[in-house]
Amino acid sequence: MANRRNFIKTTAIASVAVALNGFRGKTEEEEIVVPSGKVKTRATGERSGAKPIVLSTWNFGIPANNAAWEILKNNGRALDAVEAGVKIPEGDPNERSVGYGGRPDRDGRVTLDACIMDEFSNIGSVACLEHIKHPIMVARAVMEKTPHVMLVGEGALQFALSQGHKKENLLVEASEKEWKEWLKTSNYKPIANIENHDTIGMIALDVHGNLSGACTTSGMAYKMHGRIGDSPIIGAGLYVDNEIGAATATGHGEEVIRIAGCHLVVELMRQGKSPQKACEEAVARIVKLTKNRNKNLKDIQVGFIALNKKGEHGAYCVQGGFNYAKYDDTGNKLIDADYFLR
Ligand code: SD4
């Protein structure tokens with residue numbers, strides 16, 4: 001413990017923001033945390049003057065985007081915006097698929113998955129984390145304060161507690177009631193778009209022209225204990241390449257992992273595809289593999305959202321019913337994503 005504390009002390013390095021006057025053309029020094037232990041500060045120089053934009057999955061993306069926009073509009077960092085954004089549904093007991101209030105696994109345990117990625121390709125993730133309301137904060141702490149990129153289960157919980165998080169009961173009454181009802185049949189058959197497909201994935205571009213993303217979920221309702229989906233897996237549920245773009249996913253995590261979904265979307269953008277085309281091709285890959293494996297596409301839902309360095313965005317999913325929220329200088333809007341299965 002003493003060693004860990006020392007380690008954390010020597011590796012968490014932050015410089016202080018110096019000047020934030022006006023929107024364009026001012027120099028500033030940004031706060032940067034370097035997990036490698038090397039000191040790193042960055043003077044960003046002239047601001048890029050990029051137009052901020054934030055995208056997030058499903059309709060709870062609207063309040064989440066509002067929180068993120070508060071940071072983006074004040075010239076804040078995309079990383080801070082996505083963390084603040086996804087904390088909104090995480091902390092809301094009425095959102096039954098993320099954080100506090102999330103549906104439990106088949107043993108009645110709420111186990112949470114989350115990950116975060118910044119403009120320097122720093123990454124942090126937690127999986128199968130219990131009792132902690134804001135897994136995204138723990139994922140960020142893994143990124144900034146440990147030599148690792150992913151902690152799971154008991155180890156993730158111990159780390160969260162060492163960071164000052166409180167151990168809480170996350171199983172709300174309504175979720176417990178539903179779970180007890182489910183136990184009567186114990187039939188695990190996730191239905192597309194119903195109950196268990198509401199991960200929040202959020203990707204943002206800030207005024208400095210930098211991209212970051214975050215993804216957090218309670219995963220598929222009534223999953224086996226220990227099951228981990230795509231959401232905490234960098235490259236599957238989330239990927240950011242600050243030179244190219246960012247993508248995040250929602251839906252059946254097994255299908256997203258199978259194609260390394262969000263990494264694929266970003267690589268397709270690197271090849272010159274628009275964010276929209278990139279999402280469509282990733283969905284086409286899922287469609288093809290589902291057919292090859294003789295599975296029924298009707299049982300599957302996966303949705304991708306993507307953003308490129310220019311602030312252009314796209315979204316696509318396997319079947320209708322997936323929506324996402326977009327906040328840019330035209331306001332915060334909920335948009336139905338186009339889909340494959342007609
Ligand atoms: C998972 N992808 O655990 C998550 C579930 C999800 O919207 O996205 N729900 O597989």
# chains A, B, ... in the order shown; residues from 1 in each chain; ligands from 1

$ residues_near_ligand --ligand "ligand 1" --cutoff "6 Å" --atoms "only C-alpha atoms and all ligand atoms" --output "PyMOL selection string"
chain A and resi 196-199+219-220+229-231+250-253

$ residues_around --residues "Val256 in chain A" --least-positions-apart "5" --cutoff "12 Å" --atoms "only C-alpha atoms" --output "PyMOL selection string"
chain A and resi 228-238+247-251+261-265+279+282-287+289-290+300-304+317-318

$ residues_around --residues "Val172 in chain A" --least-positions-apart "5" --cutoff "8 Å" --atoms "only C-alpha atoms" --output "list in words"
Pro93, Tyr100, Gly101 and Gly102 of chain A

$ closest_residue --among "A:Asp338, A:Arg270, A:Ala127, A:Leu171" --to "Val152 in chain A" --atoms "only C-alpha atoms"
A:Ala127

$ closest_residue --among "A:Gly201, A:Gly61, A:Gly272, A:Pro190" --to "Ala114 in chain A" --atoms "only C-alpha atoms"
A:Gly201

$ atom_distance --atom1 "CA of Ile62 in chain A" --atom2 "CA of Ile88 in chain A"
10.0 Å

$ closest_residue --among "A:Glu130, A:Asp336, A:Glu95, A:Glu83" --to "Cys115 in chain A" --atoms "only C-alpha atoms"
A:Glu83

$ residues_around --residues "Ala160 in chain A" --least-positions-apart "5" --cutoff "12 Å" --atoms "only C-alpha atoms" --output "list in words"
Ser125, Val126, Ala127, Leu129, Glu130, His131, Ile132, Lys133, His134, Pro135, Ile136, Met137, Val138, Ala139, Arg140, Ala141, Val142, Lys145, Thr146, Leu151, Val152, Gly153, Glu154, Gly155, His165, Lys166, Lys167 and Glu168 of chain A

$ closest_residue --among "A:Ala81, A:Leu341, A:Leu55, A:Ala174" --to "Asn323 in chain A" --atoms "only C-alpha atoms"
A:Leu55

$ closest_residue --among "A:Arg96, A:Arg109, A:His208, A:Lys180" --to "Gly76 in chain A" --atoms "only C-alpha atoms"
A:His208

$ atom_distance --atom1 "CA of Asn66 in chain A" --atom2 "CA of Gly85 in chain A"
7.3 Å
